[in-house]
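Asker: The file below is upload01.cif, mmCIF, N, CA and C atoms:
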data_query
#
loop_
_atom_site.label_atom_id
_atom_site.label_comp_id
_atom_site.auth_asym_id
_atom_site.auth_seq_id
_atom_site.Cartn_x
_atom_site.Cartn_y
_atom_site.Cartn_z
N GLN F 23 5.00 -20.33 -3.73
CA GLN F 23 4.12 -19.35 -3.10
C GLN F 23 4.79 -17.98 -3.16
N VAL F 24 4.09 -17.02 -3.72
CA VAL F 24 4.62 -15.67 -3.82
C VAL F 24 4.63 -15.02 -2.44
N GLN F 25 5.73 -14.36 -2.12
CA GLN F 25 5.83 -13.60 -0.88
C GLN F 25 5.83 -12.12 -1.18
N LEU F 26 5.07 -11.39 -0.39
CA LEU F 26 4.99 -9.94 -0.52
C LEU F 26 5.76 -9.31 0.63
N VAL F 27 6.61 -8.36 0.32
CA VAL F 27 7.43 -7.72 1.34
C VAL F 27 7.27 -6.21 1.22
N GLU F 28 6.80 -5.61 2.30
CA GLU F 28 6.60 -4.18 2.34
C GLU F 28 7.75 -3.51 3.10
N SER F 29 8.07 -2.29 2.71
CA SER F 29 9.12 -1.54 3.39
C SER F 29 8.85 -0.06 3.24
N GLY F 30 9.61 0.74 4.00
CA GLY F 30 9.52 2.18 3.86
C GLY F 30 8.77 2.91 4.96
N GLY F 31 8.20 2.16 5.88
CA GLY F 31 7.47 2.80 6.96
C GLY F 31 8.40 3.45 7.96
N GLY F 32 7.80 4.11 8.94
CA GLY F 32 8.60 4.76 9.97
C GLY F 32 7.77 5.76 10.74
N LEU F 33 8.48 6.55 11.52
CA LEU F 33 7.86 7.61 12.31
C LEU F 33 7.99 8.92 11.56
N VAL F 34 6.89 9.62 11.41
CA VAL F 34 6.89 10.88 10.67
C VAL F 34 5.96 11.85 11.38
N GLN F 35 6.28 13.12 11.29
CA GLN F 35 5.43 14.14 11.90
C GLN F 35 4.21 14.41 11.03
N PRO F 36 3.14 14.86 11.63
CA PRO F 36 1.97 15.25 10.83
C PRO F 36 2.37 16.26 9.75
N GLY F 37 1.83 16.04 8.57
CA GLY F 37 2.18 16.87 7.43
C GLY F 37 3.34 16.34 6.62
N GLY F 38 4.02 15.34 7.14
CA GLY F 38 5.17 14.78 6.46
C GLY F 38 4.80 13.78 5.38
N SER F 39 5.83 13.18 4.78
CA SER F 39 5.64 12.25 3.67
C SER F 39 6.45 10.99 3.88
N LEU F 40 5.98 9.91 3.31
CA LEU F 40 6.70 8.64 3.25
C LEU F 40 6.37 7.98 1.92
N ARG F 41 7.30 7.16 1.46
CA ARG F 41 7.02 6.33 0.30
C ARG F 41 7.22 4.87 0.69
N LEU F 42 6.17 4.13 0.57
CA LEU F 42 6.21 2.70 0.86
C LEU F 42 6.50 1.93 -0.42
N SER F 43 7.19 0.82 -0.25
CA SER F 43 7.49 -0.06 -1.39
C SER F 43 6.99 -1.46 -1.10
N CYS F 44 6.61 -2.14 -2.15
CA CYS F 44 6.17 -3.53 -2.05
C CYS F 44 6.91 -4.32 -3.11
N SER F 45 7.56 -5.38 -2.68
CA SER F 45 8.23 -6.28 -3.60
C SER F 45 7.57 -7.64 -3.53
N ALA F 46 7.64 -8.35 -4.64
CA ALA F 46 7.08 -9.70 -4.68
C ALA F 46 8.13 -10.66 -5.20
N SER F 47 8.06 -11.90 -4.74
CA SER F 47 9.04 -12.89 -5.17
C SER F 47 8.75 -13.39 -6.56
N GLY F 48 7.60 -13.05 -7.11
CA GLY F 48 7.28 -13.41 -8.48
C GLY F 48 6.81 -12.17 -9.24
N SER F 49 6.78 -12.26 -10.55
CA SER F 49 6.39 -11.12 -11.38
C SER F 49 4.88 -11.06 -11.48
N ILE F 50 4.28 -10.57 -10.41
CA ILE F 50 2.82 -10.60 -10.35
C ILE F 50 2.18 -9.27 -10.72
N PHE F 51 2.97 -8.20 -10.71
CA PHE F 51 2.38 -6.88 -10.87
C PHE F 51 1.87 -6.64 -12.29
N ARG F 52 2.39 -7.39 -13.25
CA ARG F 52 1.90 -7.26 -14.62
C ARG F 52 0.58 -8.01 -14.80
N ILE F 53 0.30 -8.93 -13.89
CA ILE F 53 -0.82 -9.85 -14.06
C ILE F 53 -2.04 -9.44 -13.25
N PHE F 54 -1.76 -8.96 -12.02
CA PHE F 54 -2.84 -8.70 -11.08
C PHE F 54 -3.07 -7.21 -10.85
N ASP F 55 -4.31 -6.86 -10.62
CA ASP F 55 -4.60 -5.55 -10.05
C ASP F 55 -4.10 -5.55 -8.61
N MET F 56 -3.41 -4.50 -8.22
CA MET F 56 -2.78 -4.47 -6.91
C MET F 56 -3.43 -3.43 -6.02
N ALA F 57 -3.19 -3.59 -4.72
CA ALA F 57 -3.78 -2.66 -3.76
C ALA F 57 -2.88 -2.51 -2.55
N TRP F 58 -3.01 -1.39 -1.90
CA TRP F 58 -2.43 -1.17 -0.59
C TRP F 58 -3.57 -1.19 0.44
N TYR F 59 -3.26 -1.85 1.54
CA TYR F 59 -4.22 -1.95 2.63
C TYR F 59 -3.53 -1.41 3.90
N ARG F 60 -4.34 -1.11 4.90
CA ARG F 60 -3.76 -0.74 6.18
C ARG F 60 -4.67 -1.23 7.31
N GLN F 61 -4.03 -1.44 8.43
CA GLN F 61 -4.77 -1.85 9.62
C GLN F 61 -4.28 -1.04 10.80
N ALA F 62 -5.16 -0.24 11.32
CA ALA F 62 -4.85 0.57 12.50
C ALA F 62 -5.15 -0.24 13.76
N PRO F 63 -4.54 0.10 14.86
CA PRO F 63 -4.79 -0.62 16.11
C PRO F 63 -6.27 -0.67 16.45
N GLY F 64 -6.77 -1.87 16.71
CA GLY F 64 -8.16 -2.03 17.10
C GLY F 64 -9.16 -1.93 15.97
N LYS F 65 -8.67 -1.82 14.74
CA LYS F 65 -9.57 -1.68 13.60
C LYS F 65 -9.34 -2.79 12.60
N GLU F 66 -10.31 -2.99 11.73
CA GLU F 66 -10.15 -3.98 10.67
C GLU F 66 -9.26 -3.43 9.56
N ARG F 67 -8.68 -4.35 8.82
CA ARG F 67 -7.87 -3.96 7.67
C ARG F 67 -8.76 -3.32 6.63
N GLU F 68 -8.29 -2.24 6.05
CA GLU F 68 -9.04 -1.54 5.01
C GLU F 68 -8.16 -1.30 3.80
N ARG F 69 -8.80 -1.25 2.67
CA ARG F 69 -8.09 -0.97 1.43
C ARG F 69 -8.01 0.54 1.23
N VAL F 70 -6.84 1.05 0.91
CA VAL F 70 -6.70 2.50 0.75
C VAL F 70 -6.39 2.93 -0.68
N ALA F 71 -5.81 2.04 -1.49
CA ALA F 71 -5.47 2.43 -2.85
C ALA F 71 -5.42 1.20 -3.73
N THR F 72 -5.87 1.35 -4.98
CA THR F 72 -5.81 0.27 -5.94
C THR F 72 -5.19 0.75 -7.25
N LEU F 73 -4.57 -0.18 -7.95
CA LEU F 73 -3.96 0.10 -9.25
C LEU F 73 -4.21 -1.09 -10.14
N THR F 74 -4.95 -0.87 -11.22
CA THR F 74 -5.24 -1.98 -12.13
C THR F 74 -4.06 -2.20 -13.08
N THR F 75 -4.08 -3.34 -13.75
CA THR F 75 -3.03 -3.61 -14.72
C THR F 75 -3.08 -2.60 -15.86
N GLY F 76 -4.24 -2.01 -16.07
CA GLY F 76 -4.37 -1.00 -17.11
C GLY F 76 -3.98 0.39 -16.67
N GLY F 77 -3.60 0.52 -15.39
CA GLY F 77 -3.12 1.80 -14.91
C GLY F 77 -4.14 2.67 -14.22
N ARG F 78 -5.35 2.15 -14.05
CA ARG F 78 -6.36 2.94 -13.36
C ARG F 78 -6.13 2.89 -11.85
N THR F 79 -6.36 3.99 -11.19
CA THR F 79 -6.19 4.06 -9.74
C THR F 79 -7.50 4.42 -9.06
N ASN F 80 -7.59 4.02 -7.82
CA ASN F 80 -8.74 4.38 -7.01
C ASN F 80 -8.27 4.49 -5.57
N TYR F 81 -8.91 5.37 -4.82
CA TYR F 81 -8.46 5.64 -3.46
C TYR F 81 -9.64 5.71 -2.51
N ALA F 82 -9.38 5.34 -1.28
CA ALA F 82 -10.36 5.56 -0.23
C ALA F 82 -10.53 7.06 -0.04
N ASP F 83 -11.72 7.46 0.34
CA ASP F 83 -11.98 8.88 0.53
C ASP F 83 -11.01 9.52 1.52
N SER F 84 -10.62 8.74 2.50
CA SER F 84 -9.78 9.27 3.58
C SER F 84 -8.36 9.62 3.11
N VAL F 85 -7.94 9.08 1.96
CA VAL F 85 -6.57 9.33 1.50
C VAL F 85 -6.51 9.98 0.13
N ARG F 86 -7.65 10.09 -0.52
CA ARG F 86 -7.66 10.65 -1.88
C ARG F 86 -7.09 12.07 -1.87
N GLY F 87 -6.21 12.32 -2.83
CA GLY F 87 -5.56 13.61 -2.92
C GLY F 87 -4.26 13.71 -2.14
N ARG F 88 -4.03 12.72 -1.27
CA ARG F 88 -2.80 12.72 -0.46
C ARG F 88 -1.90 11.53 -0.78
N PHE F 89 -2.49 10.40 -1.15
CA PHE F 89 -1.73 9.19 -1.44
C PHE F 89 -1.74 8.93 -2.94
N THR F 90 -0.66 8.34 -3.43
CA THR F 90 -0.56 7.96 -4.83
C THR F 90 0.04 6.57 -4.93
N ILE F 91 -0.67 5.68 -5.62
CA ILE F 91 -0.17 4.33 -5.87
C ILE F 91 0.43 4.27 -7.26
N SER F 92 1.55 3.57 -7.37
CA SER F 92 2.21 3.43 -8.67
C SER F 92 2.98 2.12 -8.68
N LYS F 93 3.49 1.77 -9.84
CA LYS F 93 4.30 0.56 -9.91
C LYS F 93 5.41 0.72 -10.93
N ASP F 94 6.42 -0.10 -10.76
CA ASP F 94 7.55 -0.15 -11.69
C ASP F 94 7.72 -1.62 -12.06
N ASN F 95 7.21 -1.98 -13.20
CA ASN F 95 7.28 -3.40 -13.61
C ASN F 95 8.72 -3.87 -13.75
N ALA F 96 9.59 -2.99 -14.23
CA ALA F 96 10.98 -3.39 -14.43
C ALA F 96 11.66 -3.73 -13.11
N ARG F 97 11.30 -3.00 -12.07
CA ARG F 97 11.87 -3.25 -10.74
C ARG F 97 11.01 -4.22 -9.93
N ASN F 98 9.87 -4.58 -10.47
CA ASN F 98 8.95 -5.49 -9.78
C ASN F 98 8.55 -4.93 -8.42
N LYS F 99 8.13 -3.67 -8.43
CA LYS F 99 7.74 -3.02 -7.19
C LYS F 99 6.43 -2.23 -7.38
N VAL F 100 5.70 -2.14 -6.30
CA VAL F 100 4.55 -1.25 -6.21
C VAL F 100 4.82 -0.26 -5.09
N TYR F 101 4.44 0.97 -5.31
CA TYR F 101 4.74 2.03 -4.35
C TYR F 101 3.46 2.69 -3.84
N LEU F 102 3.59 3.29 -2.67
CA LEU F 102 2.53 4.15 -2.15
C LEU F 102 3.19 5.41 -1.63
N GLN F 103 3.03 6.48 -2.37
CA GLN F 103 3.52 7.77 -1.94
C GLN F 103 2.47 8.41 -1.04
N MET F 104 2.87 8.74 0.17
CA MET F 104 1.93 9.29 1.14
C MET F 104 2.39 10.68 1.54
N ASN F 105 1.58 11.66 1.24
CA ASN F 105 1.88 13.06 1.58
C ASN F 105 0.85 13.59 2.56
N SER F 106 1.19 14.70 3.17
CA SER F 106 0.28 15.36 4.12
C SER F 106 -0.28 14.37 5.13
N LEU F 107 0.61 13.61 5.70
CA LEU F 107 0.18 12.55 6.61
C LEU F 107 -0.48 13.10 7.86
N LYS F 108 -1.46 12.35 8.33
CA LYS F 108 -2.23 12.72 9.51
C LYS F 108 -2.08 11.62 10.56
N SER F 109 -2.39 11.95 11.78
CA SER F 109 -2.27 10.96 12.85
C SER F 109 -3.15 9.75 12.57
N GLU F 110 -4.27 9.98 11.92
CA GLU F 110 -5.18 8.86 11.63
C GLU F 110 -4.66 7.94 10.53
N ASP F 111 -3.55 8.29 9.91
CA ASP F 111 -2.92 7.40 8.94
C ASP F 111 -2.02 6.37 9.63
N THR F 112 -1.85 6.50 10.91
CA THR F 112 -1.04 5.55 11.66
C THR F 112 -1.64 4.14 11.55
N ALA F 113 -0.84 3.21 11.06
CA ALA F 113 -1.32 1.85 10.81
C ALA F 113 -0.16 1.01 10.30
N VAL F 114 -0.40 -0.27 10.21
CA VAL F 114 0.49 -1.16 9.48
C VAL F 114 -0.03 -1.25 8.06
N TYR F 115 0.84 -1.04 7.10
CA TYR F 115 0.46 -1.00 5.70
C TYR F 115 0.92 -2.27 5.00
N TYR F 116 0.04 -2.81 4.16
CA TYR F 116 0.30 -4.04 3.44
C TYR F 116 -0.03 -3.85 1.96
N CYS F 117 0.62 -4.64 1.14
CA CYS F 117 0.20 -4.71 -0.25
C CYS F 117 -0.31 -6.12 -0.53
N ASN F 118 -1.15 -6.21 -1.53
CA ASN F 118 -1.67 -7.51 -1.96
C ASN F 118 -2.41 -7.27 -3.26
N THR F 119 -2.86 -8.31 -3.88
CA THR F 119 -3.69 -8.13 -5.05
C THR F 119 -5.05 -7.57 -4.61
N LEU F 120 -5.78 -7.08 -5.57
CA LEU F 120 -7.10 -6.51 -5.26
C LEU F 120 -8.02 -7.56 -4.65
N THR F 121 -7.83 -8.80 -5.02
CA THR F 121 -8.66 -9.89 -4.50
C THR F 121 -8.01 -10.59 -3.31
N LYS F 122 -6.91 -10.03 -2.81
CA LYS F 122 -6.20 -10.63 -1.66
C LYS F 122 -5.83 -12.08 -1.98
N PHE F 123 -5.28 -12.27 -3.16
CA PHE F 123 -5.01 -13.63 -3.64
C PHE F 123 -3.92 -14.32 -2.84
N TYR F 124 -2.96 -13.53 -2.39
CA TYR F 124 -1.83 -14.11 -1.66
C TYR F 124 -1.96 -13.84 -0.16
N SER F 125 -1.17 -14.56 0.60
CA SER F 125 -1.13 -14.28 2.03
C SER F 125 -0.51 -12.91 2.26
N PHE F 126 -1.05 -12.20 3.24
CA PHE F 126 -0.47 -10.91 3.57
C PHE F 126 0.91 -11.10 4.19
N GLY F 127 1.81 -10.16 3.87
CA GLY F 127 3.13 -10.19 4.46
C GLY F 127 3.13 -9.57 5.84
N GLN F 128 4.31 -9.19 6.29
CA GLN F 128 4.45 -8.62 7.63
C GLN F 128 3.98 -7.17 7.68
N GLY F 129 3.93 -6.53 6.55
CA GLY F 129 3.54 -5.13 6.53
C GLY F 129 4.66 -4.22 6.98
N THR F 130 4.41 -2.93 6.87
CA THR F 130 5.37 -1.93 7.32
C THR F 130 4.62 -0.91 8.18
N GLN F 131 5.19 -0.61 9.33
CA GLN F 131 4.52 0.23 10.31
C GLN F 131 4.72 1.70 9.96
N VAL F 132 3.63 2.44 9.95
CA VAL F 132 3.68 3.89 9.77
C VAL F 132 3.09 4.53 11.02
N ILE F 133 3.86 5.40 11.63
CA ILE F 133 3.40 6.13 12.81
C ILE F 133 3.50 7.62 12.52
N VAL F 134 2.38 8.28 12.59
CA VAL F 134 2.34 9.72 12.36
C VAL F 134 2.08 10.40 13.70
N SER F 135 3.10 11.06 14.19
CA SER F 135 3.00 11.66 15.52
C SER F 135 4.03 12.77 15.67
N SER F 136 3.67 13.75 16.44
CA SER F 136 4.60 14.83 16.73
C SER F 136 5.37 14.53 18.01
#
Could you rewrite the structure in this file as structure tokens?
Answerer:
Amino acid sequence: QVQLVESGGGLVQPGGSLRLSCSASGSIFRIFDMAWYRQAPGKERERVATLTTGGRTNYADSVRGRFTISKDNARNKVYLQMNSLKSEDTAVYYCNTLTKFYSFGQGTQVIVSS
């Protein structure tokens, strides 16, 4: 069973930046379209960014222009660069395939607050 491990979250002031990383115990990033999801307190999990195996990206309207998804196949990692962070970006962030093929990991907490 592939395990997904997210890291890189933390406390950041509005307008700041963070880069999240996702590692997998298997080489899945070459095979699957990947996505970053987030779940804010009291809300359902939502998808914020996708990256296909062909390199196409797509973003939720709420993060487009501020977030960038990328991957490094050699390092077996997927990243989410988050700039111009807002308080409404506060959430636990997860990675998974676009079809949520694997169980979600623990996620990484992002808190945007002054």
Asker: For the provided coordinates, the residues matched by the PyMOL selection byres ((chain F and resi 27) around 6) should be stated as a short mmCIF file (atom, residue, chain, number, x, y, z; two decimals) with N, CA and C atoms, keeping the file's coordinate frame.
Answerer:
data_model
loop_
_atom_site.label_atom_id
_atom_site.label_comp_id
_atom_site.auth_asym_id
_atom_site.auth_seq_id
_atom_site.Cartn_x
_atom_site.Cartn_y
_atom_site.Cartn_z
N GLN F 25 5.73 -14.36 -2.12
CA GLN F 25 5.83 -13.60 -0.88
C GLN F 25 5.83 -12.12 -1.18
N LEU F 26 5.07 -11.39 -0.39
CA LEU F 26 4.99 -9.94 -0.52
C LEU F 26 5.76 -9.31 0.63
N GLU F 28 6.80 -5.61 2.30
CA GLU F 28 6.60 -4.18 2.34
C GLU F 28 7.75 -3.51 3.10
N SER F 29 8.07 -2.29 2.71
CA SER F 29 9.12 -1.54 3.39
C SER F 29 8.85 -0.06 3.24
N SER F 43 7.19 0.82 -0.25
CA SER F 43 7.49 -0.06 -1.39
C SER F 43 6.99 -1.46 -1.10
N CYS F 44 6.61 -2.14 -2.15
CA CYS F 44 6.17 -3.53 -2.05
C CYS F 44 6.91 -4.32 -3.11
N SER F 45 7.56 -5.38 -2.68
CA SER F 45 8.23 -6.28 -3.60
C SER F 45 7.57 -7.64 -3.53
N ALA F 46 7.64 -8.35 -4.64
CA ALA F 46 7.08 -9.70 -4.68
C ALA F 46 8.13 -10.66 -5.20
N GLY F 127 1.81 -10.16 3.87
CA GLY F 127 3.13 -10.19 4.46
C GLY F 127 3.13 -9.57 5.84
#
Asker: Hey, what comes out of the PyMOL selection byres (((chain F and resi 49 and name CA) around 10) and name CA) on this file? Could you write it as a PDB file with N, CA and C atoms, keeping the file's coordinate frame?
Answerer:
ATOM      1  N   VAL F  24       4.090 -17.020  -3.720  1.00  0.00           N
ATOM      2  CA  VAL F  24       4.620 -15.670  -3.820  1.00  0.00           C
ATOM      3  C   VAL F  24       4.630 -15.020  -2.440  1.00  0.00           C
ATOM      4  N   SER F  45       7.560  -5.380  -2.680  1.00  0.00           N
ATOM      5  CA  SER F  45       8.230  -6.280  -3.600  1.00  0.00           C
ATOM      6  C   SER F  45       7.570  -7.640  -3.530  1.00  0.00           C
ATOM      7  N   ALA F  46       7.640  -8.350  -4.640  1.00  0.00           N
ATOM      8  CA  ALA F  46       7.080  -9.700  -4.680  1.00  0.00           C
ATOM      9  C   ALA F  46       8.130 -10.660  -5.200  1.00  0.00           C
ATOM     10  N   SER F  47       8.060 -11.900  -4.740  1.00  0.00           N
ATOM     11  CA  SER F  47       9.040 -12.890  -5.170  1.00  0.00           C
ATOM     12  C   SER F  47       8.750 -13.390  -6.560  1.00  0.00           C
ATOM     13  N   GLY F  48       7.600 -13.050  -7.110  1.00  0.00           N
ATOM     14  CA  GLY F  48       7.280 -13.410  -8.480  1.00  0.00           C
ATOM     15  C   GLY F  48       6.810 -12.170  -9.240  1.00  0.00           C
ATOM     16  N   ILE F  50       4.280 -10.570 -10.410  1.00  0.00           N
ATOM     17  CA  ILE F  50       2.820 -10.600 -10.350  1.00  0.00           C
ATOM     18  C   ILE F  50       2.180  -9.270 -10.720  1.00  0.00           C
ATOM     19  N   PHE F  51       2.970  -8.200 -10.710  1.00  0.00           N
ATOM     20  CA  PHE F  51       2.380  -6.880 -10.870  1.00  0.00           C
ATOM     21  C   PHE F  51       1.870  -6.640 -12.290  1.00  0.00           C
ATOM     22  N   ARG F  52       2.390  -7.390 -13.250  1.00  0.00           N
ATOM     23  CA  ARG F  52       1.900  -7.260 -14.620  1.00  0.00           C
ATOM     24  C   ARG F  52       0.580  -8.010 -14.800  1.00  0.00           C
ATOM     25  N   ILE F  53       0.300  -8.930 -13.890  1.00  0.00           N
ATOM     26  CA  ILE F  53      -0.820  -9.850 -14.060  1.00  0.00           C
ATOM     27  C   ILE F  53      -2.040  -9.440 -13.250  1.00  0.00           C
ATOM     28  N   PHE F  54      -1.760  -8.960 -12.020  1.00  0.00           N
ATOM     29  CA  PHE F  54      -2.840  -8.700 -11.080  1.00  0.00           C
ATOM     30  C   PHE F  54      -3.070  -7.210 -10.850  1.00  0.00           C
ATOM     31  N   ASN F  95       7.210  -1.980 -13.200  1.00  0.00           N
ATOM     32  CA  ASN F  95       7.280  -3.400 -13.610  1.00  0.00           C
ATOM     33  C   ASN F  95       8.720  -3.870 -13.750  1.00  0.00           C
ATOM     34  N   ALA F  96       9.590  -2.990 -14.230  1.00  0.00           N
ATOM     35  CA  ALA F  96      10.980  -3.390 -14.430  1.00  0.00           C
ATOM     36  C   ALA F  96      11.660  -3.730 -13.110  1.00  0.00           C
ATOM     37  N   ARG F  97      11.300  -3.000 -12.070  1.00  0.00           N
ATOM     38  CA  ARG F  97      11.870  -3.250 -10.740  1.00  0.00           C
ATOM     39  C   ARG F  97      11.010  -4.220  -9.930  1.00  0.00           C
ATOM     40  N   ASN F  98       9.870  -4.580 -10.470  1.00  0.00           N
ATOM     41  CA  ASN F  98       8.950  -5.490  -9.780  1.00  0.00           C
ATOM     42  C   ASN F  98       8.550  -4.930  -8.420  1.00  0.00           C
ATOM     43  N   LYS F  99       8.130  -3.670  -8.430  1.00  0.00           N
ATOM     44  CA  LYS F  99       7.740  -3.020  -7.190  1.00  0.00           C
ATOM     45  C   LYS F  99       6.430  -2.230  -7.380  1.00  0.00           C
TER      46      LYS F  99
END
Asker: Run the PyMOL selection byres ((chain F and resi 132) around 6.5) on the file and write out the hits as number ranges by chain.
Answerer: F: 31-34, 111-115, 130-131, 133-134
Asker: Any chance you could export the current selection's N, CA and C atoms as a short mmCIF file (atom, residue, chain, number, x, y, z; two decimals), keeping the file's coordinate frame?
Answerer:
data_model
loop_
_atom_site.label_atom_id
_atom_site.label_comp_id
_atom_site.auth_asym_id
_atom_site.auth_seq_id
_atom_site.Cartn_x
_atom_site.Cartn_y
_atom_site.Cartn_z
N GLY F 31 8.20 2.16 5.88
CA GLY F 31 7.47 2.80 6.96
C GLY F 31 8.40 3.45 7.96
N GLY F 32 7.80 4.11 8.94
CA GLY F 32 8.60 4.76 9.97
C GLY F 32 7.77 5.76 10.74
N LEU F 33 8.48 6.55 11.52
CA LEU F 33 7.86 7.61 12.31
C LEU F 33 7.99 8.92 11.56
N VAL F 34 6.89 9.62 11.41
CA VAL F 34 6.89 10.88 10.67
C VAL F 34 5.96 11.85 11.38
N ASP F 111 -3.55 8.29 9.91
CA ASP F 111 -2.92 7.40 8.94
C ASP F 111 -2.02 6.37 9.63
N THR F 112 -1.85 6.50 10.91
CA THR F 112 -1.04 5.55 11.66
C THR F 112 -1.64 4.14 11.55
N ALA F 113 -0.84 3.21 11.06
CA ALA F 113 -1.32 1.85 10.81
C ALA F 113 -0.16 1.01 10.30
N VAL F 114 -0.40 -0.27 10.21
CA VAL F 114 0.49 -1.16 9.48
C VAL F 114 -0.03 -1.25 8.06
N TYR F 115 0.84 -1.04 7.10
CA TYR F 115 0.46 -1.00 5.70
C TYR F 115 0.92 -2.27 5.00
N THR F 130 4.41 -2.93 6.87
CA THR F 130 5.37 -1.93 7.32
C THR F 130 4.62 -0.91 8.18
N GLN F 131 5.19 -0.61 9.33
CA GLN F 131 4.52 0.23 10.31
C GLN F 131 4.72 1.70 9.96
N ILE F 133 3.86 5.40 11.63
CA ILE F 133 3.40 6.13 12.81
C ILE F 133 3.50 7.62 12.52
N VAL F 134 2.38 8.28 12.59
CA VAL F 134 2.34 9.72 12.36
C VAL F 134 2.08 10.40 13.70
#
Asker: So how many Å separate CA of Ala71 (chain F) and CA of Ser136 (chain F), to one decimal?
Answerer: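 The value is 25.3 Å.
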Asker: From the set F:Gly87, F:Val100, F:Thr119, F:Met56, which residue has the shortest atom-to-atom contact distance to Thr75 (chain F), counting all atoms listed in the file?
Answerer: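 Ranked by minimum distance to Thr75 (chain F), first place goes to F:Met56.
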Asker: Please indicate the distance in Å from CA of Glu110 (chain F) to atom N of Gln128 (chain F), rounded to one decimal place.
Answerer: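 Spanning CA of Glu110 (chain F) to atom N of Gln128 (chain F) is a straight-line distance of 21.1 Å.
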Asker: Quick check for you: according to DSSP on this backbone, which residues of chain F are classed as strand (DSSP E)? Reply as a ChimeraX atom specification.
Answerer: /F:26-29,32-34,40-46,56-61,68-73,79-81,89-94,99-104,113-119,130-134
Asker: How far is it from CA of Asn105 (chain F) to CA of Tyr124 (chain F), in Å with one decimal?
Answerer: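 Answer for the CA of Asn105 (chain F) to CA of Tyr124 (chain F) separation: 27.6 Å.
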Asker: Would you kindly return, as a list in words, each protein, DNA or RNA residue with an atom no farther than 5 Å from any atom of Leu42 (chain F), considering all atoms listed in the file and excluding same-chain residues fewer than 2 positions away?
Answerer: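 Counting only the stated atoms, we get Ser29, Gly30, Leu40, Cys44, Tyr101, Leu102 and Gln103 of chain F.
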Asker: Using only N, CA and C atoms, pick whichever of F:Phe89, F:Tyr116, F:Phe126, F:Trp58 has the shortest atom-to-atom distance to Thr72 (chain F).
Answerer: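 Ranked by minimum distance to Thr72 (chain F), first place goes to F:Trp58.
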Asker: Please return as a list in words every residue within 6.5 Å of (-6.7, 5.8, -4.2), taking into account all atoms listed in the file and the file's own coordinates.
Answerer: Val70, Ala71, Thr72, Thr79, Asn80, Tyr81, Ala82, Val85, Arg86, Phe89 and Ile91 of chain F
